[in-house]
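Asks: Next up is a structure, given as structure tokens.
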Amino acid sequence: MNSGKVLVFGGTSDARQLCQQLDAAGVAYTLSVATATGQHLAGDIRGAVRCGRLDRTEMLSWLAQHDTRWVIDASHPYAEAVSDNIYHACRQSRGLLSRYQRPDQLTELSHPLLFKVASIDEACAVAQGLGERVLLTTGSKDLARWRQGLAQKTLLARVLPVAEVIAQCAEHGFGVGEIFALCGPFSAEFNAAFYRQCRADVVVTKASGAEGGYQEKVQPCLAAGIPCIVITRPPSAVTGEELLESQQAFAQRLQRWLATERG
């Protein structure tokens, strides 16, 4: 069986669940992840796993070499550059592309201390007028931008407990008392205690949905009177019936794809 016929871009728990659906349907596929962490999250799926980042040219080459018929973009909701490369590679190769994107839960919470912004720059502008100690729960990729945009603030970084990530924090001036290396998602009770322990005056997060513990991050902030800044997701280039926003929607799309493949 050609494991390249279906290509899943992932590295999240969502992607693993999609792969489990493909396993149950007897579909051969390849899961493409960027890092060893993503490879670990794949668990015991039956599909082939390739590890390493691909640029657009490399994606096109891979699709051609493996005669890929269906690409499923289940990459992180904020991996905008990755999704953009996938989208354009599929357009150029004229391949079928579906985008899986978990619901963001943004409309489920509203509060005077909840600030929804569209970018890091907007988040920095809001944070400038708030407290001194700013807790970042937005990952390690943009630490330099946060450091530049909030140069006068005390920044705290909650990041994955991975050596290269901790090294990134150190390179950007985060000290021992400003790096919190933990693997989530976390309960609301844990987050409430954590915010007290690190003495956060402001919390910055992303609209990560239920799988990312969005409400569990935001609600303890609001209950404690801590302002919370949420960076909303970039819009998806994939729309219509190929934009899948639940595991059930993917299951239905999988059944349609199988019916087409079987003729």
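Residues in the structure tokens are numbered from 1 in each chain, the chains being A, B, ... in the order shown, and ligands are numbered from 1 in the order shown.
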Contacts between segment 164-186 of chain A and segment 32-132 of chain A, please, where a residue of segment 32-132 of chain A counts if it comes within 12 Å (with only C-alpha atoms); show its shortest atom pair and distance in Å to one decimal, rows by chain and ascending number, as CSV.
Replies:
residue,atom,partner,partner_atom,distance
A:Thr35,CA,A:Glu164,CA,11.1
A:Ala36,CA,A:Glu164,CA,11.3
A:Thr37,CA,A:Cys183,CA,11.1
A:Leu41,CA,A:Cys183,CA,11.8
Asks: Could you turn the residues from that selection into a file that holds N, CA, C and O atoms, as an mmCIF file, in the first residue's frame?
Replies:
data_model
loop_
_atom_site.group_PDB
_atom_site.id
_atom_site.type_symbol
_atom_site.label_atom_id
_atom_site.label_comp_id
_atom_site.auth_asym_id
_atom_site.auth_seq_id
_atom_site.Cartn_x
_atom_site.Cartn_y
_atom_site.Cartn_z
ATOM 1 N N THR A 35 9.046 18.267 14.365
ATOM 2 C CA THR A 35 10.023 18.084 15.442
ATOM 3 C C THR A 35 9.900 16.712 16.099
ATOM 4 O O THR A 35 8.897 16.005 15.924
ATOM 5 N N ALA A 36 10.896 16.386 16.898
ATOM 6 C CA ALA A 36 10.869 15.133 17.651
ATOM 7 C C ALA A 36 9.728 15.125 18.662
ATOM 8 O O ALA A 36 9.161 14.070 18.963
ATOM 9 N N THR A 37 9.358 16.302 19.168
ATOM 10 C CA THR A 37 8.223 16.390 20.086
ATOM 11 C C THR A 37 6.943 15.961 19.386
ATOM 12 O O THR A 37 6.139 15.207 19.930
ATOM 13 N N LEU A 41 4.375 12.791 20.109
ATOM 14 C CA LEU A 41 2.934 12.944 20.290
ATOM 15 C C LEU A 41 2.136 12.016 19.376
ATOM 16 O O LEU A 41 0.982 11.713 19.661
#
Asks: Applying 7 Å and only C-alpha atoms, which residues near segment 218-229 of chain A remain after dropping the ones on its own chain fewer than 2 positions away? List them as a list in words.
Replies: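 Non-adjacent residues within range: Leu113, Leu114, Phe115, Lys116, Ala123, Ala188, Asn191, Ala192, Asp201, Val202, Val203, Val204, Thr205, Tyr214, Gln215, Glu216 and Ile231 of chain A.
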Asks: Could you write those residues out with N, CA and C atoms, as a PDB file, in the first residue's frame?
Replies:
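Saved to again.pdb:
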ATOM      1  N   LEU A 113     -11.942  42.290  31.468  1.00  0.00           N
ATOM      2  CA  LEU A 113     -10.496  42.065  31.570  1.00  0.00           C
ATOM      3  C   LEU A 113      -9.974  41.125  30.476  1.00  0.00           C
ATOM      4  N   LEU A 114     -10.837  40.723  29.554  1.00  0.00           N
ATOM      5  CA  LEU A 114     -10.444  39.838  28.461  1.00  0.00           C
ATOM      6  C   LEU A 114     -10.269  40.658  27.192  1.00  0.00           C
ATOM      7  N   PHE A 115      -9.034  40.723  26.705  1.00  0.00           N
ATOM      8  CA  PHE A 115      -8.702  41.536  25.531  1.00  0.00           C
ATOM      9  C   PHE A 115      -8.373  40.606  24.356  1.00  0.00           C
ATOM     10  N   LYS A 116      -9.102  40.720  23.273  1.00  0.00           N
ATOM     11  CA  LYS A 116      -8.878  39.886  22.097  1.00  0.00           C
ATOM     12  C   LYS A 116      -8.201  40.721  21.016  1.00  0.00           C
ATOM     13  N   ALA A 123      -1.037  42.880  20.906  1.00  0.00           N
ATOM     14  CA  ALA A 123      -0.960  42.373  22.275  1.00  0.00           C
ATOM     15  C   ALA A 123       0.013  43.207  23.103  1.00  0.00           C
ATOM     16  N   ALA A 188      -7.998  24.167  35.363  1.00  0.00           N
ATOM     17  CA  ALA A 188      -8.218  25.531  35.843  1.00  0.00           C
ATOM     18  C   ALA A 188      -7.622  25.710  37.232  1.00  0.00           C
ATOM     19  N   ASN A 191      -3.862  26.156  36.925  1.00  0.00           N
ATOM     20  CA  ASN A 191      -3.518  27.477  36.402  1.00  0.00           C
ATOM     21  C   ASN A 191      -3.727  28.562  37.446  1.00  0.00           C
ATOM     22  N   ALA A 192      -4.795  28.466  38.215  1.00  0.00           N
ATOM     23  CA  ALA A 192      -5.042  29.466  39.260  1.00  0.00           C
ATOM     24  C   ALA A 192      -3.880  29.502  40.252  1.00  0.00           C
ATOM     25  N   ASP A 201       0.863  39.518  36.642  1.00  0.00           N
ATOM     26  CA  ASP A 201      -0.042  40.673  36.604  1.00  0.00           C
ATOM     27  C   ASP A 201      -0.893  40.662  35.341  1.00  0.00           C
ATOM     28  N   VAL A 202      -0.369  40.018  34.301  1.00  0.00           N
ATOM     29  CA  VAL A 202      -1.046  39.922  32.999  1.00  0.00           C
ATOM     30  C   VAL A 202      -0.722  38.539  32.437  1.00  0.00           C
ATOM     31  N   VAL A 203      -1.688  37.915  31.784  1.00  0.00           N
ATOM     32  CA  VAL A 203      -1.454  36.643  31.110  1.00  0.00           C
ATOM     33  C   VAL A 203      -1.764  36.820  29.621  1.00  0.00           C
ATOM     34  N   VAL A 204      -0.853  36.325  28.786  1.00  0.00           N
ATOM     35  CA  VAL A 204      -1.060  36.369  27.337  1.00  0.00           C
ATOM     36  C   VAL A 204      -1.168  34.933  26.838  1.00  0.00           C
ATOM     37  N   THR A 205      -2.196  34.661  26.052  1.00  0.00           N
ATOM     38  CA  THR A 205      -2.381  33.312  25.552  1.00  0.00           C
ATOM     39  C   THR A 205      -2.935  33.353  24.129  1.00  0.00           C
ATOM     40  N   TYR A 214      -8.085  26.231  26.549  1.00  0.00           N
ATOM     41  CA  TYR A 214      -8.323  27.680  26.467  1.00  0.00           C
ATOM     42  C   TYR A 214      -9.097  28.212  27.668  1.00  0.00           C
ATOM     43  N   GLN A 215     -10.262  27.640  27.937  1.00  0.00           N
ATOM     44  CA  GLN A 215     -11.071  28.162  29.041  1.00  0.00           C
ATOM     45  C   GLN A 215     -10.384  27.951  30.387  1.00  0.00           C
ATOM     46  N   GLU A 216      -9.660  26.839  30.520  1.00  0.00           N
ATOM     47  CA  GLU A 216      -8.950  26.577  31.770  1.00  0.00           C
ATOM     48  C   GLU A 216      -7.829  27.581  32.012  1.00  0.00           C
ATOM     49  N   ILE A 231      -4.575  36.235  21.703  1.00  0.00           N
ATOM     50  CA  ILE A 231      -4.279  36.469  20.285  1.00  0.00           C
ATOM     51  C   ILE A 231      -5.154  35.529  19.467  1.00  0.00           C
TER      52      ILE A 231
END
Asks: From a backbone DSSP assignment, name each residue in segment 62-163 of chain A labelled alpha helix (DSSP H), as a PyMOL selection string.
Replies: chain A and resi 62-65+80-93+120-128+143-149+163
Asks: Go ahead and compute the interatomic distance for atom CA of Ala74 of chain A and atom CA of Thr138 of chain A, in Å to one decimal.
Replies: 18.6 Å
